[in-house]
Amino acid sequence: MPNRLLRVNAYTTLDLVDGRARGHEFETDAPGVVNVTAPREDPEQVTLAVELDGTEIDDLAAHADEFDLSPAQARTLAEALELTADRVEAAKSGNSADPL
């Protein structure tokens, strides 16, 4: 991803994920990066950052979205991701038991 705003290296949480930008008049698929970080010293929040490859999206200027989460908010998000991942895996395996 040229002209990237987020730093991507060996420690990046997820790089080259399938992403989508959606607006009132457009929807475009593009590869993206998702990263979770916290300051090394005296961290007070968890930062969740998302960036889509700007070269794939004509309707949106290159940008990265960042969310600062409290530890409790980060845990709530992590729990929701785990539960949803379990539901998707169960559906793929043909297990009709829905954990939600």
# chains A, B, ... in the order shown; residues from 1 in each chain; ligands from 1
call {"tool": "residues_around", "arguments": {"residues": "stretch 10-25 of chain A", "least_positions_apart": "4", "cutoff": "9 Å", "atoms": "only C-alpha atoms", "output": "ChimeraX atom specification"}}
result
/A:1,29-37,51-53,57,59-60
call {"tool": "write_last_selection", "arguments": {"atoms": "all heavy atoms", "output": "short mmCIF file (atom, residue, chain, number, x, y, z; two decimals), in the first residue's frame"}}
result
data_model
loop_
_atom_site.label_atom_id
_atom_site.label_comp_id
_atom_site.auth_asym_id
_atom_site.auth_seq_id
_atom_site.Cartn_x
_atom_site.Cartn_y
_atom_site.Cartn_z
N MET A 1 0.84 -1.17 0.00
CA MET A 1 0.00 0.00 0.00
C MET A 1 0.89 1.24 0.00
O MET A 1 1.43 1.61 1.02
CB MET A 1 -0.91 0.00 1.23
CG MET A 1 -2.01 -1.00 1.19
SD MET A 1 -2.98 -1.20 2.73
CE MET A 1 -3.12 0.41 3.39
N ASP A 29 -14.42 -2.15 -2.31
CA ASP A 29 -13.57 -3.10 -1.60
C ASP A 29 -12.11 -2.73 -1.80
O ASP A 29 -11.73 -2.28 -2.88
CB ASP A 29 -13.81 -4.52 -2.12
CG ASP A 29 -15.20 -5.03 -1.79
OD1 ASP A 29 -15.74 -4.61 -0.75
OD2 ASP A 29 -15.73 -5.85 -2.55
N ALA A 30 -11.30 -2.93 -0.75
CA ALA A 30 -9.87 -2.62 -0.83
C ALA A 30 -9.14 -3.40 0.26
O ALA A 30 -9.72 -3.68 1.31
CB ALA A 30 -9.64 -1.13 -0.65
N PRO A 31 -7.88 -3.75 0.01
CA PRO A 31 -7.09 -4.37 1.09
C PRO A 31 -6.84 -3.34 2.18
O PRO A 31 -6.84 -2.13 1.93
CB PRO A 31 -5.79 -4.77 0.40
CG PRO A 31 -5.71 -3.92 -0.82
CD PRO A 31 -7.11 -3.59 -1.22
N GLY A 32 -6.66 -3.83 3.40
CA GLY A 32 -6.47 -2.89 4.50
C GLY A 32 -5.54 -3.42 5.57
O GLY A 32 -5.04 -4.54 5.50
N VAL A 33 -5.35 -2.58 6.58
CA VAL A 33 -4.51 -2.89 7.73
C VAL A 33 -5.32 -2.59 8.98
O VAL A 33 -6.05 -1.60 9.05
CB VAL A 33 -3.25 -1.99 7.72
CG1 VAL A 33 -2.44 -2.17 8.99
CG2 VAL A 33 -2.39 -2.27 6.51
N VAL A 34 -5.23 -3.48 9.98
CA VAL A 34 -5.86 -3.26 11.28
C VAL A 34 -4.76 -3.44 12.32
O VAL A 34 -4.04 -4.44 12.30
CB VAL A 34 -7.00 -4.27 11.54
CG1 VAL A 34 -7.60 -4.05 12.92
CG2 VAL A 34 -8.06 -4.18 10.46
N ASN A 35 -4.63 -2.46 13.21
CA ASN A 35 -3.57 -2.55 14.19
C ASN A 35 -4.08 -2.16 15.57
O ASN A 35 -4.91 -1.26 15.71
CB ASN A 35 -2.39 -1.64 13.80
CG ASN A 35 -1.11 -2.04 14.50
OD1 ASN A 35 -0.91 -3.20 14.84
ND2 ASN A 35 -0.25 -1.08 14.74
N VAL A 36 -3.59 -2.85 16.60
CA VAL A 36 -3.92 -2.56 17.98
C VAL A 36 -2.62 -2.21 18.69
O VAL A 36 -1.64 -2.96 18.63
CB VAL A 36 -4.57 -3.79 18.67
CG1 VAL A 36 -4.84 -3.50 20.13
CG2 VAL A 36 -5.84 -4.18 17.94
N THR A 37 -2.59 -1.03 19.32
CA THR A 37 -1.38 -0.58 20.01
C THR A 37 -1.73 0.09 21.33
O THR A 37 -2.89 0.41 21.59
CB THR A 37 -0.58 0.43 19.16
OG1 THR A 37 -1.42 1.57 18.90
CG2 THR A 37 -0.12 -0.18 17.85
N GLU A 51 -6.87 1.18 8.29
CA GLU A 51 -6.57 1.95 7.08
C GLU A 51 -6.80 1.06 5.87
O GLU A 51 -6.36 -0.09 5.83
CB GLU A 51 -5.12 2.43 7.08
CG GLU A 51 -4.76 3.23 5.86
CD GLU A 51 -3.31 3.73 5.86
OE1 GLU A 51 -2.54 3.36 6.77
OE2 GLU A 51 -2.97 4.47 4.95
N LEU A 52 -7.50 1.59 4.88
CA LEU A 52 -7.69 0.89 3.61
C LEU A 52 -6.71 1.45 2.59
O LEU A 52 -6.31 2.61 2.68
CB LEU A 52 -9.12 1.05 3.10
CG LEU A 52 -10.19 0.41 3.95
CD1 LEU A 52 -11.57 0.70 3.35
CD2 LEU A 52 -9.98 -1.08 4.09
N ASP A 53 -6.35 0.62 1.62
CA ASP A 53 -5.43 1.04 0.57
C ASP A 53 -6.07 2.16 -0.24
O ASP A 53 -7.04 1.94 -0.97
CB ASP A 53 -5.09 -0.15 -0.32
CG ASP A 53 -4.10 0.18 -1.42
OD1 ASP A 53 -3.73 1.37 -1.58
OD2 ASP A 53 -3.68 -0.75 -2.11
N ILE A 57 -9.38 3.25 -3.75
CA ILE A 57 -10.61 3.97 -3.45
C ILE A 57 -10.55 5.38 -4.03
O ILE A 57 -9.80 6.22 -3.55
CB ILE A 57 -10.84 4.05 -1.93
CG1 ILE A 57 -10.85 2.65 -1.33
CG2 ILE A 57 -12.15 4.77 -1.63
CD1 ILE A 57 -10.85 2.62 0.17
N ASP A 59 -13.23 7.45 -4.21
CA ASP A 59 -14.23 8.31 -3.59
C ASP A 59 -13.82 8.84 -2.22
O ASP A 59 -14.59 9.57 -1.60
CB ASP A 59 -15.55 7.55 -3.45
CG ASP A 59 -16.11 7.15 -4.80
OD1 ASP A 59 -16.24 8.03 -5.67
OD2 ASP A 59 -16.41 5.95 -4.98
N LEU A 60 -12.65 8.47 -1.74
CA LEU A 60 -12.25 8.81 -0.38
C LEU A 60 -10.76 9.12 -0.34
O LEU A 60 -9.95 8.36 -0.84
CB LEU A 60 -12.55 7.59 0.51
CG LEU A 60 -12.54 7.73 2.00
CD1 LEU A 60 -13.57 8.76 2.46
CD2 LEU A 60 -12.84 6.39 2.64
#
call {"tool": "residues_around", "arguments": {"residues": "A:Ala78", "least_positions_apart": "6", "cutoff": "12 Å", "atoms": "only C-alpha atoms", "output": "VMD selection string"}}
result
chain A and resid 36 46 48 69 71 to 72 84 to 85
call {"tool": "write_last_selection", "arguments": {"atoms": "N, CA, C and O atoms", "output": "PDB file, in the first residue's frame"}}
result
ATOM      1  N   VAL A  36      -3.592  -2.851  16.595  1.00  0.00           N
ATOM      2  CA  VAL A  36      -3.917  -2.562  17.983  1.00  0.00           C
ATOM      3  C   VAL A  36      -2.616  -2.206  18.687  1.00  0.00           C
ATOM      4  O   VAL A  36      -1.642  -2.963  18.628  1.00  0.00           O
ATOM      5  N   VAL A  46      -6.061   1.821  24.800  1.00  0.00           N
ATOM      6  CA  VAL A  46      -5.718   0.925  23.696  1.00  0.00           C
ATOM      7  C   VAL A  46      -6.166   1.645  22.426  1.00  0.00           C
ATOM      8  O   VAL A  46      -7.270   2.179  22.374  1.00  0.00           O
ATOM      9  N   LEU A  48      -7.108   1.299  18.479  1.00  0.00           N
ATOM     10  CA  LEU A  48      -7.470   0.440  17.360  1.00  0.00           C
ATOM     11  C   LEU A  48      -7.430   1.318  16.116  1.00  0.00           C
ATOM     12  O   LEU A  48      -8.119   2.334  16.055  1.00  0.00           O
ATOM     13  N   LEU A  69      -9.617   3.307  23.048  1.00  0.00           N
ATOM     14  CA  LEU A  69     -10.515   2.516  23.881  1.00  0.00           C
ATOM     15  C   LEU A  69      -9.952   2.384  25.281  1.00  0.00           C
ATOM     16  O   LEU A  69      -8.740   2.215  25.467  1.00  0.00           O
ATOM     17  N   PRO A  71      -9.418   0.127  28.696  1.00  0.00           N
ATOM     18  CA  PRO A  71      -9.222  -1.319  28.801  1.00  0.00           C
ATOM     19  C   PRO A  71     -10.551  -2.080  28.815  1.00  0.00           C
ATOM     20  O   PRO A  71     -10.670  -3.132  28.188  1.00  0.00           O
ATOM     21  N   ALA A  72     -11.566  -1.552  29.490  1.00  0.00           N
ATOM     22  CA  ALA A  72     -12.870  -2.223  29.528  1.00  0.00           C
ATOM     23  C   ALA A  72     -13.500  -2.263  28.130  1.00  0.00           C
ATOM     24  O   ALA A  72     -14.074  -3.282  27.730  1.00  0.00           O
ATOM     25  N   THR A  84     -18.523 -13.718  18.000  1.00  0.00           N
ATOM     26  CA  THR A  84     -18.913 -13.701  16.589  1.00  0.00           C
ATOM     27  C   THR A  84     -18.075 -14.687  15.789  1.00  0.00           C
ATOM     28  O   THR A  84     -18.598 -15.387  14.909  1.00  0.00           O
ATOM     29  N   ALA A  85     -16.791 -14.784  16.095  1.00  0.00           N
ATOM     30  CA  ALA A  85     -15.931 -15.760  15.415  1.00  0.00           C
ATOM     31  C   ALA A  85     -16.416 -17.183  15.698  1.00  0.00           C
ATOM     32  O   ALA A  85     -16.462 -18.026  14.790  1.00  0.00           O
TER      33      ALA A  85
END
call {"tool": "residues_around", "arguments": {"residues": "A:Glu44", "least_positions_apart": "3", "cutoff": "8 Å", "atoms": "only C-alpha atoms", "output": "compact mmCIF listing (two decimals) with N, CA and C atoms, in the first residue's frame"}}
result
# COMPACT_ATOMS: atom_id res chain seq x y z
N ALA A 38 -0.71 0.33 22.11
CA ALA A 38 -0.79 1.14 23.33
C ALA A 38 0.59 1.74 23.54
N PRO A 39 0.67 2.91 24.13
CA PRO A 39 1.99 3.49 24.38
C PRO A 39 2.84 2.56 25.24
N SER A 70 -10.83 2.42 26.27
CA SER A 70 -10.41 2.10 27.63
C SER A 70 -10.13 0.60 27.68
call {"tool": "closest_residue", "arguments": {"among": "A:Arg87, A:Thr47, A:Glu41, A:Asn95", "to": "A:Asp65", "atoms": "only C-alpha atoms"}}
result
A:Thr47
call {"tool": "select_by_dssp", "arguments": {"residues": "stretch 47-87 of chain A", "states": "strand (DSSP E)", "output": "PyMOL selection string"}}
result
chain A and resi 47-52+64-69
call {"tool": "residues_around", "arguments": {"residues": "A:Ala64", "least_positions_apart": "5", "cutoff": "9 Å", "atoms": "only C-alpha atoms", "output": "list in words"}}
result
Arg4, Leu5, Leu6, Ala49, Val50, Glu51 and Leu52 of chain A
